[in-house]
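Data file: work04.cif. Format and content: mmCIF, C-alpha atoms.
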data_model
#
loop_
_atom_site.label_atom_id
_atom_site.label_comp_id
_atom_site.auth_asym_id
_atom_site.auth_seq_id
_atom_site.Cartn_x
_atom_site.Cartn_y
_atom_site.Cartn_z
CA MET V 1 83.99 71.37 163.65
CA TYR V 2 83.12 69.33 166.74
CA GLU V 3 79.57 68.35 167.50
CA GLY V 4 77.29 69.83 170.15
CA PRO V 5 78.35 71.35 173.47
CA VAL V 6 82.11 70.90 172.95
CA GLN V 7 82.10 73.19 169.91
CA ASP V 8 79.92 75.75 171.75
CA LEU V 9 82.46 75.87 174.57
CA ILE V 10 85.38 76.18 172.12
CA ASP V 11 83.58 79.07 170.37
CA GLU V 12 82.91 80.90 173.64
CA LEU V 13 86.47 80.41 174.92
CA GLY V 14 87.85 81.57 171.56
CA ARG V 15 86.15 84.94 172.08
CA LEU V 16 88.33 85.69 175.13
CA PRO V 17 91.35 87.95 174.56
CA GLY V 18 94.59 86.06 173.89
CA VAL V 19 92.82 82.72 173.45
CA GLY V 20 93.19 81.47 169.88
CA PRO V 21 91.36 78.50 168.33
CA LYS V 22 94.08 76.03 169.39
CA SER V 23 94.12 77.23 173.02
CA ALA V 24 90.31 77.22 173.13
CA GLN V 25 90.31 73.61 171.97
CA ARG V 26 92.96 72.66 174.52
CA ILE V 27 91.06 74.35 177.37
CA ALA V 28 87.76 72.76 176.30
CA PHE V 29 89.23 69.24 176.29
CA HIS V 30 90.87 69.96 179.63
CA LEU V 31 87.48 70.97 181.08
CA LEU V 32 85.89 67.86 179.56
CA ALA V 33 88.22 65.75 181.72
CA THR V 34 87.85 68.01 184.80
CA GLU V 35 85.85 67.27 187.96
CA PRO V 36 82.40 68.94 187.84
CA ALA V 37 83.26 70.74 191.11
CA ASP V 38 86.17 72.55 189.44
CA ILE V 39 83.99 73.70 186.54
CA GLU V 40 81.44 74.88 189.11
CA ARG V 41 84.03 77.10 190.82
CA LEU V 42 84.79 78.77 187.49
CA GLN V 43 81.06 79.22 186.84
CA GLN V 44 80.55 80.80 190.26
CA ALA V 45 83.49 83.17 189.76
CA LEU V 46 81.95 84.24 186.44
CA GLN V 47 78.55 84.64 188.10
CA LYS V 48 79.92 86.99 190.78
CA VAL V 49 81.74 89.14 188.23
CA LYS V 50 78.62 89.20 186.05
CA GLU V 51 76.50 90.38 188.99
CA GLY V 52 78.80 93.36 189.22
CA VAL V 53 82.10 94.26 190.76
CA VAL V 54 82.37 97.03 193.34
CA PHE V 55 84.71 99.92 192.63
CA CYS V 56 86.27 102.03 195.39
CA ASP V 57 84.42 105.35 195.88
CA VAL V 58 87.70 107.17 196.46
CA CYS V 59 90.23 105.82 193.97
CA GLY V 60 88.14 103.85 191.46
CA ASN V 61 90.11 100.62 191.92
CA VAL V 62 88.29 97.25 191.95
CA SER V 63 87.28 96.55 195.51
CA ALA V 64 85.32 94.20 197.75
CA GLU V 65 83.69 97.14 199.60
CA THR V 66 82.86 100.76 198.79
CA ARG V 67 86.34 101.70 200.01
CA CYS V 68 89.24 99.56 198.83
CA ARG V 69 91.90 98.05 201.10
CA ILE V 70 94.46 100.69 200.17
CA CYS V 71 92.14 103.68 200.77
CA ARG V 72 91.12 102.16 204.14
CA ASP V 73 94.74 101.66 205.26
CA PRO V 74 95.58 104.30 207.91
CA LYS V 75 99.32 103.88 207.31
CA ARG V 76 99.07 105.25 203.76
CA ASP V 77 100.25 108.80 203.12
CA LEU V 78 97.10 110.83 202.37
CA ALA V 79 99.12 113.69 200.82
CA LEU V 80 100.46 111.54 197.96
CA VAL V 81 98.34 110.31 195.03
CA CYS V 82 99.55 108.20 192.13
CA VAL V 83 97.38 108.43 188.99
CA VAL V 84 97.24 105.25 186.89
CA GLU V 85 95.18 104.07 183.92
CA GLU V 86 93.94 100.65 185.10
CA PRO V 87 93.59 98.53 188.26
CA LYS V 88 96.40 96.32 187.02
CA ASP V 89 98.74 99.31 187.11
CA VAL V 90 97.96 99.64 190.85
CA GLN V 91 99.08 96.03 191.31
CA ALA V 92 102.27 96.68 189.31
CA ILE V 93 103.21 99.64 191.52
CA GLU V 94 102.22 97.80 194.72
CA ARG V 95 104.60 94.99 193.78
CA THR V 96 107.54 97.43 193.94
CA ARG V 97 106.77 98.12 197.66
CA GLU V 98 108.20 101.60 197.01
CA PHE V 99 105.02 103.64 197.11
CA LYS V 100 103.26 104.51 200.37
CA GLY V 101 100.60 106.92 199.11
CA ARG V 102 97.20 106.23 197.58
CA TYR V 103 96.02 105.78 194.00
CA HIS V 104 93.61 107.24 191.51
CA VAL V 105 92.48 104.91 188.73
CA LEU V 106 91.42 106.81 185.59
CA GLY V 107 89.84 103.81 183.85
CA GLY V 108 91.89 104.25 180.67
CA ALA V 109 93.82 106.88 178.73
CA LEU V 110 92.74 109.69 176.41
CA ASP V 111 92.20 108.21 172.95
CA PRO V 112 89.99 110.49 170.82
CA LEU V 113 90.04 108.07 167.85
CA SER V 114 88.33 105.43 170.03
CA GLY V 115 85.97 108.03 171.51
CA VAL V 116 87.71 108.26 174.89
CA GLY V 117 87.77 111.90 175.97
CA PRO V 118 88.26 113.47 179.43
CA ASP V 119 84.61 112.79 180.34
CA GLN V 120 85.04 109.04 179.85
CA LEU V 121 87.87 108.96 182.40
CA ARG V 122 87.72 109.65 186.16
CA ILE V 123 89.44 113.04 185.74
CA ARG V 124 86.64 115.14 187.31
CA GLN V 125 86.79 112.89 190.39
CA LEU V 126 90.57 113.45 190.58
CA LEU V 127 90.12 117.24 190.51
CA ASN V 128 87.41 117.03 193.22
CA ARG V 129 89.67 114.84 195.31
CA ILE V 130 92.59 117.25 195.08
CA GLY V 131 90.31 120.21 195.87
CA THR V 132 88.98 118.60 199.09
CA ALA V 133 91.11 117.81 202.15
CA THR V 134 90.79 114.20 203.47
CA ASP V 135 90.93 113.89 207.29
CA GLY V 136 92.42 117.40 207.34
CA VAL V 137 95.27 116.44 204.98
CA ASP V 138 95.65 118.20 201.61
CA ILE V 139 97.09 116.33 198.63
CA SER V 140 100.57 117.80 198.10
CA GLU V 141 101.90 115.64 195.26
CA VAL V 142 100.31 113.91 192.28
CA ILE V 143 102.51 111.32 190.54
CA ILE V 144 101.31 110.70 186.99
CA ALA V 145 101.96 107.06 186.19
CA THR V 146 100.07 106.62 182.90
CA ASP V 147 101.67 104.28 180.33
CA PRO V 148 104.74 105.57 178.43
CA ASN V 149 102.94 105.35 175.07
CA THR V 150 101.11 107.87 172.86
CA GLU V 151 97.78 107.74 174.75
CA GLY V 152 99.44 107.69 178.17
CA GLU V 153 101.70 110.64 177.32
CA ALA V 154 98.73 112.62 175.95
CA THR V 155 96.80 111.90 179.15
CA ALA V 156 99.76 112.99 181.27
CA THR V 157 100.07 116.26 179.33
CA TYR V 158 96.34 116.91 179.72
CA LEU V 159 96.46 116.21 183.45
CA VAL V 160 99.46 118.52 183.96
CA ARG V 161 97.48 121.32 182.30
CA MET V 162 94.44 120.68 184.55
CA LEU V 163 96.53 120.42 187.74
CA ARG V 164 98.57 123.60 187.15
CA ASP V 165 95.83 125.68 188.76
CA PHE V 166 96.10 124.08 192.21
CA PRO V 167 98.46 126.25 194.30
CA GLY V 168 101.21 124.38 196.13
CA LEU V 169 100.49 121.07 194.35
CA SER V 170 103.54 119.36 192.92
CA VAL V 171 102.89 117.23 189.83
CA THR V 172 105.49 114.61 188.86
CA ARG V 173 105.81 111.93 186.18
CA LEU V 174 107.46 108.49 186.43
CA ALA V 175 111.02 108.57 185.04
CA SER V 176 111.60 107.25 181.51
CA GLY V 177 114.88 105.54 180.74
CA LEU V 178 116.66 102.26 180.31
CA PRO V 179 114.95 99.24 181.87
CA MET V 180 117.06 97.62 184.59
CA GLY V 181 118.78 94.38 183.60
CA GLY V 182 118.64 95.43 179.97
CA ASP V 183 121.42 95.82 177.46
CA LEU V 184 122.27 99.34 176.25
CA GLU V 185 122.84 98.25 172.65
CA PHE V 186 119.35 96.73 172.40
CA ALA V 187 117.51 99.80 173.72
CA ASP V 188 115.36 101.56 171.10
CA GLU V 189 116.27 105.11 170.07
CA LEU V 190 113.34 106.72 171.89
CA THR V 191 114.12 105.01 175.20
CA LEU V 192 117.84 105.76 174.93
CA GLY V 193 117.07 109.38 174.01
CA ARG V 194 114.82 109.69 177.09
CA ALA V 195 117.51 108.11 179.27
CA LEU V 196 120.05 110.67 177.99
CA SER V 197 117.84 113.72 178.43
CA GLY V 198 116.79 112.49 181.90
CA ARG V 199 120.34 111.75 183.10
CA ARG V 200 121.03 112.36 186.78
CA SER V 201 124.19 113.53 188.54
CA MET V 202 125.74 110.92 190.84
CA MET E 1 96.33 90.59 194.94
CA TYR E 2 92.98 92.05 193.86
CA GLU E 3 90.04 92.17 196.20
CA GLY E 4 86.94 90.00 196.10
CA PRO E 5 85.37 88.41 193.03
CA VAL E 6 87.92 89.70 190.52
CA GLN E 7 90.75 87.79 192.21
CA ASP E 8 88.57 84.64 192.46
CA LEU E 9 87.98 84.80 188.71
CA ILE E 10 91.69 85.37 188.00
CA ASP E 11 92.55 82.35 190.19
CA GLU E 12 90.06 80.11 188.43
CA LEU E 13 91.14 81.23 184.95
CA GLY E 14 94.79 80.74 185.92
CA ARG E 15 94.08 77.04 186.53
CA LEU E 16 93.25 76.47 182.85
CA PRO E 17 96.01 74.99 180.67
CA GLY E 18 98.08 77.57 178.80
CA VAL E 19 96.61 80.50 180.77
CA GLY E 20 99.30 82.18 182.88
CA PRO E 21 98.72 84.81 185.59
CA LYS E 22 99.01 87.70 183.09
CA SER E 23 96.54 86.17 180.62
CA ALA E 24 94.14 85.32 183.47
CA GLN E 25 94.25 88.96 184.59
CA ARG E 26 93.70 90.18 181.03
CA ILE E 27 90.73 87.83 180.49
CA ALA E 28 89.20 88.77 183.87
CA PHE E 29 89.33 92.50 183.11
CA HIS E 30 87.94 91.82 179.65
CA LEU E 31 85.00 89.95 181.23
CA LEU E 32 84.52 92.79 183.73
CA ALA E 33 83.82 95.11 180.80
CA THR E 34 81.73 92.53 178.89
CA GLU E 35 77.94 92.49 178.48
CA PRO E 36 76.30 90.13 181.03
CA ALA E 37 74.70 88.22 178.11
CA ASP E 38 78.14 87.29 176.77
CA ILE E 39 79.28 85.97 180.16
CA GLU E 40 76.02 84.02 180.34
CA ARG E 41 76.75 82.27 177.05
CA LEU E 42 80.13 81.15 178.41
CA GLN E 43 78.47 79.97 181.63
CA GLN E 44 75.88 77.97 179.69
CA ALA E 45 78.56 76.36 177.52
CA LEU E 46 80.40 75.33 180.70
CA GLN E 47 77.15 74.02 182.19
CA LYS E 48 76.45 71.77 179.20
CA VAL E 49 79.97 70.34 179.22
CA LYS E 50 79.74 69.83 182.99
CA GLU E 51 76.47 67.93 182.62
CA GLY E 52 78.33 65.50 180.42
CA VAL E 53 79.36 65.18 176.82
CA VAL E 54 78.15 62.25 174.71
CA PHE E 55 80.75 60.03 173.06
CA CYS E 56 80.03 58.04 169.92
CA ASP E 57 79.26 54.36 170.68
CA VAL E 58 81.19 53.23 167.62
CA CYS E 59 84.33 55.36 167.37
CA GLY E 60 84.56 57.10 170.78
CA ASN E 61 84.72 60.62 169.30
CA VAL E 62 82.86 63.48 171.03
CA SER E 63 79.37 63.57 169.62
CA ALA E 64 75.96 65.19 169.94
CA GLU E 65 74.20 61.79 169.74
CA THR E 66 75.10 58.16 170.52
CA ARG E 67 76.45 57.88 166.97
CA CYS E 68 78.65 60.71 165.70
CA ARG E 69 78.19 62.53 162.41
CA ILE E 70 81.02 60.60 160.74
CA CYS E 71 79.80 57.15 161.84
CA ARG E 72 76.26 58.06 160.66
CA ASP E 73 77.48 59.20 157.22
CA PRO E 74 76.51 56.54 154.63
CA LYS E 75 79.14 57.84 152.16
CA ARG E 76 82.01 56.81 154.45
CA ASP E 77 83.97 53.67 153.59
CA LEU E 78 83.09 51.07 156.27
CA ALA E 79 86.12 48.91 155.41
CA LEU E 80 88.67 51.58 156.40
CA VAL E 81 89.38 52.63 160.02
CA CYS E 82 91.88 55.26 161.14
CA VAL E 83 93.03 54.87 164.76
CA VAL E 84 93.88 58.16 166.53
CA GLU E 85 94.66 59.17 170.11
CA GLU E 86 92.27 62.10 170.67
CA PRO E 87 89.17 63.74 169.16
CA LYS E 88 91.34 66.66 168.02
CA ASP E 89 93.32 64.24 165.85
CA VAL E 90 90.07 63.35 164.06
CA GLN E 91 89.61 67.05 163.28
CA ALA E 92 93.20 67.31 162.02
CA ILE E 93 92.71 64.41 159.59
CA GLU E 94 89.26 65.66 158.53
CA ARG E 95 90.83 69.00 157.59
CA THR E 96 92.99 67.23 154.97
CA ARG E 97 89.80 66.02 153.16
CA GLU E 98 91.92 63.02 152.09
CA PHE E 99 90.36 60.31 154.26
CA LYS E 100 87.00 58.80 153.47
CA GLY E 101 86.88 56.00 156.06
CA ARG E 102 85.84 56.08 159.70
CA TYR E 103 87.79 56.64 162.91
CA HIS E 104 88.57 54.95 166.20
CA VAL E 105 89.52 57.27 169.07
CA LEU E 106 91.71 55.53 171.66
CA GLY E 107 91.44 58.28 174.28
CA GLY E 108 95.22 58.64 174.67
CA ALA E 109 98.42 56.67 174.13
CA LEU E 110 100.16 53.94 176.13
CA ASP E 111 102.18 55.60 178.90
CA PRO E 112 102.97 53.12 181.71
CA LEU E 113 104.76 55.81 183.78
CA SER E 114 101.49 57.78 184.00
CA GLY E 115 99.48 54.62 184.60
CA VAL E 116 97.97 54.41 181.11
CA GLY E 117 97.97 50.76 180.01
CA PRO E 118 95.95 48.98 177.28
CA ASP E 119 92.90 48.77 179.58
CA GLN E 120 92.74 52.57 179.94
CA LEU E 121 92.46 52.98 176.15
CA ARG E 122 89.64 51.89 173.84
CA ILE E 123 91.71 49.00 172.42
CA ARG E 124 89.27 46.22 173.36
CA GLN E 125 86.52 48.11 171.55
CA LEU E 126 88.77 48.36 168.47
CA LEU E 127 89.37 44.58 168.45
CA ASN E 128 85.61 43.93 168.86
CA ARG E 129 84.92 46.33 166.03
CA ILE E 130 87.36 44.62 163.67
CA GLY E 131 85.99 41.19 164.63
CA THR E 132 82.38 42.12 163.79
CA ALA E 133 81.13 43.02 160.30
CA THR E 134 79.15 46.30 160.09
CA ASP E 135 76.24 46.24 157.62
CA GLY E 136 77.87 43.17 156.09
CA VAL E 137 81.18 44.97 155.45
CA ASP E 138 84.39 43.68 157.11
CA ILE E 139 87.14 46.12 158.06
CA SER E 140 89.96 45.51 155.59
CA GLU E 141 92.51 48.20 156.58
CA VAL E 142 93.46 49.84 159.87
CA ILE E 143 95.56 53.01 159.53
CA ILE E 144 97.42 53.71 162.77
CA ALA E 145 97.66 57.48 163.17
CA THR E 146 98.95 57.84 166.72
CA ASP E 147 101.37 60.73 167.36
CA PRO E 148 104.95 60.34 166.06
CA ASN E 149 106.41 60.49 169.60
CA THR E 150 107.54 57.87 172.14
CA GLU E 151 104.06 57.09 173.50
CA GLY E 152 102.43 57.16 170.08
CA GLU E 153 105.07 54.85 168.58
CA ALA E 154 104.77 52.42 171.51
CA THR E 155 100.98 52.38 171.06
CA ALA E 156 101.38 51.74 167.33
CA THR E 157 103.76 48.83 167.98
CA TYR E 158 101.36 47.35 170.53
CA LEU E 159 98.40 47.67 168.15
CA VAL E 160 100.32 46.01 165.28
CA ARG E 161 101.00 43.03 167.57
CA MET E 162 97.31 42.77 168.54
CA LEU E 163 96.06 43.13 164.97
CA ARG E 164 98.42 40.54 163.42
CA ASP E 165 95.96 37.77 164.31
CA PHE E 166 93.15 39.03 162.08
CA PRO E 167 93.42 37.22 158.74
CA GLY E 168 93.30 39.43 155.66
CA LEU E 169 93.52 42.70 157.66
CA SER E 170 96.08 45.16 156.41
CA VAL E 171 97.61 47.41 159.08
CA THR E 172 99.35 50.62 157.97
CA ARG E 173 101.02 53.59 159.70
CA LEU E 174 101.08 57.25 158.63
CA ALA E 175 104.32 58.09 156.78
CA SER E 176 107.08 59.84 158.69
CA GLY E 177 109.26 62.31 156.81
CA LEU E 178 109.96 65.94 156.06
CA PRO E 179 107.07 68.32 156.72
CA MET E 180 105.89 70.08 153.54
CA GLY E 181 106.96 73.70 153.18
CA GLY E 182 109.90 73.04 155.46
CA ASP E 183 113.58 73.51 154.86
CA LEU E 184 115.78 70.41 154.61
CA GLU E 185 118.65 71.97 156.54
CA PHE E 186 116.42 72.71 159.54
CA ALA E 187 114.98 69.19 159.82
CA ASP E 188 116.08 67.31 162.95
CA GLU E 189 118.21 64.14 162.51
CA LEU E 190 115.39 61.78 163.48
CA THR E 191 112.95 63.25 160.95
CA LEU E 192 115.55 63.34 158.18
CA GLY E 193 116.57 59.75 158.99
CA ARG E 194 112.93 58.66 158.75
CA ALA E 195 112.54 60.55 155.47
CA LEU E 196 115.60 58.74 154.06
CA SER E 197 114.59 55.25 155.16
CA GLY E 198 111.03 55.86 153.94
CA ARG E 199 112.08 57.21 150.49
CA ARG E 200 109.81 56.38 147.59
CA SER E 201 110.59 55.70 143.93
CA MET E 202 109.20 58.34 141.58
#
Written as C-alpha cells, how would this file's structure read?
Amino acid sequence: MYEGPVQDLIDELGRLPGVGPKSAQRIAFHLLATEPADIERLQQALQKVKEGVVFCDVCGNVSAETRCRICRDPKRDLALVCVVEEPKDVQAIERTREFKGRYHVLGGALDPLSGVGPDQLRIRQLLNRIGTATDGVDISEVIIATDPNTEGEATATYLVRMLRDFPGLSVTRLASGLPMGGDLEFADELTLGRALSGRRSM
Amino acid sequence: MYEGPVQDLIDELGRLPGVGPKSAQRIAFHLLATEPADIERLQQALQKVKEGVVFCDVCGNVSAETRCRICRDPKRDLALVCVVEEPKDVQAIERTREFKGRYHVLGGALDPLSGVGPDQLRIRQLLNRIGTATDGVDISEVIIATDPNTEGEATATYLVRMLRDFPGLSVTRLASGLPMGGDLEFADELTLGRALSGRRSM
C-alpha cells in the first residue's frame, strides 16, 4: 500500500505475533519519527538475539552465561526443583517470591499433534538431574508447574509416570482452584469443580 | 527480569507504541525461535527506514522517489486536492476508490498545547501549490479531510480562513454523520447532532 521502505517495515512488523496490520503501521510511523540512535538500539538487540542466546546448562532457562543467575545462587534450595514449560513461567513464579528452589525448563509441553513428543522436551535432562546429586544434595521434591491446559496436564501425567521410579522423591503439582480476587459465580465449571475436589480443611 | 540479550530485546520492543511488557516478551521469545534470515529481514527494513524515507515533493506523502506514485499518475484529476493529516489517511481514502484527485499531507493537525502551529505543518506548501498552476491546470476544489476531532476541526477552520482569499476556489469538508452499518441508538449525541444538521433531501 505504501511505497518503498515504509511498506517493507510494515510487512516485517506485521509478521510478529500479536502485531496486526494497524499496529504494524502505527509502529512503522512511530519509528519514522524516531531518533536514529533509538532504532539502532533495537537493531543491536535483534542482532544479539540473532547471534544466539545462551541457555543454562542446568535448568535450560535463558541465561547470560552457561549457568543462569538462579542456578548460581548459593541461597537456593538444591533439593527442590520446579518443572515449567517456558522461561516466562520461571519469571511468573519468581514474581511470587514464594519459591526458593531451582527450576527445570522443559521448552514446551507434550503435543503429539504438533509433533512435540518427550524427545523434543528437556525430559531426559530432568531425569539425569534427579539421578545425580548436586554438591552432595539429592533432589527430594519435584513440583510440576506445567500449564493447567490439555497439553500441560498431559505433560504432568507423563512426568509423574517417569518420576515414580525414583525412591524417596516426592512429586507434587501446583494447586488448581479459584483465582484470587475472582468472583465465584463467574468461575467456569471445570475450575469450580477442581476447587471443590481440592478443598482444604481450615 | 531475564538475563542478557533477551531482556535488552524485550526492553527495546516495549518502547514501541502499543506494545506492552507482555507483548514485548511474546515477540522476543518468538524471535528467539525464528530463523536468523527472518530477523535479518526485519533488521534491514529498520536500516532502510533509519537511513531516511523520501517524501513526495508535491504532496508530502511517504514515497519511494521525489514524486509519489499518486502525484506521478497522469489519470489523476489535477484540479482536485484532498488535504489530510497523515500518510495513513491517504491510504484510508485510497481504499474507498472514490477519490480521483491528488492529496496534500499536512504532517499533523494544529495543536498549540503540544507546540504544533501552522509553521510546523505543510500549510505554506499547500498555499503555494494552490497559487501555481500545474501543467496548466488550476486547483479548483480543496477537500479538507482532517480528523473529526478537536485538533482536526481547528485545522479545518484555520485552512478555510486561509483559502478564502483564492478567487474561484471551492473549499469543502468531509461530511459528518452516522457511520454506515452502525445502530442509531448507539450513536453519540455529537455524531447524531451532526447527522441531523447535515441531513440531505432524497
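The environment of Leu174 in chain V within 9 Å, counting all atoms listed in the file and disregarding residues fewer than 2 places along the same chain, consists of Ile143, Ile144, Ala145, Thr146, Pro148, Thr172 and Ser176 of chain V.
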message = Applying 8 Å and only C-alpha atoms, which residues near Arg69 in chain V remain after dropping the ones on its own chain fewer than 4 positions away? List them as a list in words.
response = Ser63 and Asp73 of chain V; Glu3 of chain E
- prompt: What residues in chain E have any atom no more than 9 Å from chain V when counting all atoms listed in the file, and can you write them as a PyMOL selection string?
  reply: chain E and resi 1-13+16-19+23+25-32+34-54+62-65+68-69+87-88+91
Selection dump of the PyMOL selection byres ((chain V and resi 57) around 6), as a count of residues only: 5
Could you tell me, as a list in words, exactly which residues end up selected when the PyMOL selection byres ((chain E and resi 161-167) around 12) is applied to this structure?
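What the PyMOL selection byres ((chain E and resi 161-167) around 12) grabs from the file is Pro118, Ile123, Arg124, Leu126, Leu127, Asn128, Arg129, Ile130, Gly131, Thr132, Asp138, Ile139, Ser140, Glu141, Val142, Ile143, Ile144, Ala154, Thr155, Ala156, Thr157, Tyr158, Leu159, Val160, Gly168, Leu169, Ser170, Val171 and Thr172 of chain E.
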How big is the axis-aligned box around the listed atoms of range 91-94 of chain V once 6 Å is added on each side, and where is its centre? Give both in Å to one decimal, as JSON.
{"center_x": 101.1, "center_y": 97.8, "center_z": 192.0, "size_x": 16.1, "size_y": 15.6, "size_z": 17.4}
Between CA of Arg122 in chain E and CA of Ala79 in chain E lies a distance of 19.0 Å
What's the 10 Å shell around Gly198 in chain E, counting only C-alpha atoms, without same-chain residues fewer than 3 positions away, as a VMD selection string? chain E and resid 175 to 177 192 to 195
Q. Which value, in Å to one decimal, gives the distance between CA of Val84 in chain V and CA of Val105 in chain V?
A.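 Result for CA of Val84 in chain V versus CA of Val105 in chain V: 5.1 Å, one decimal.
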note - CA of Pro179 in chain E and CA of Val83 in chain E are separated by 21.0 Å
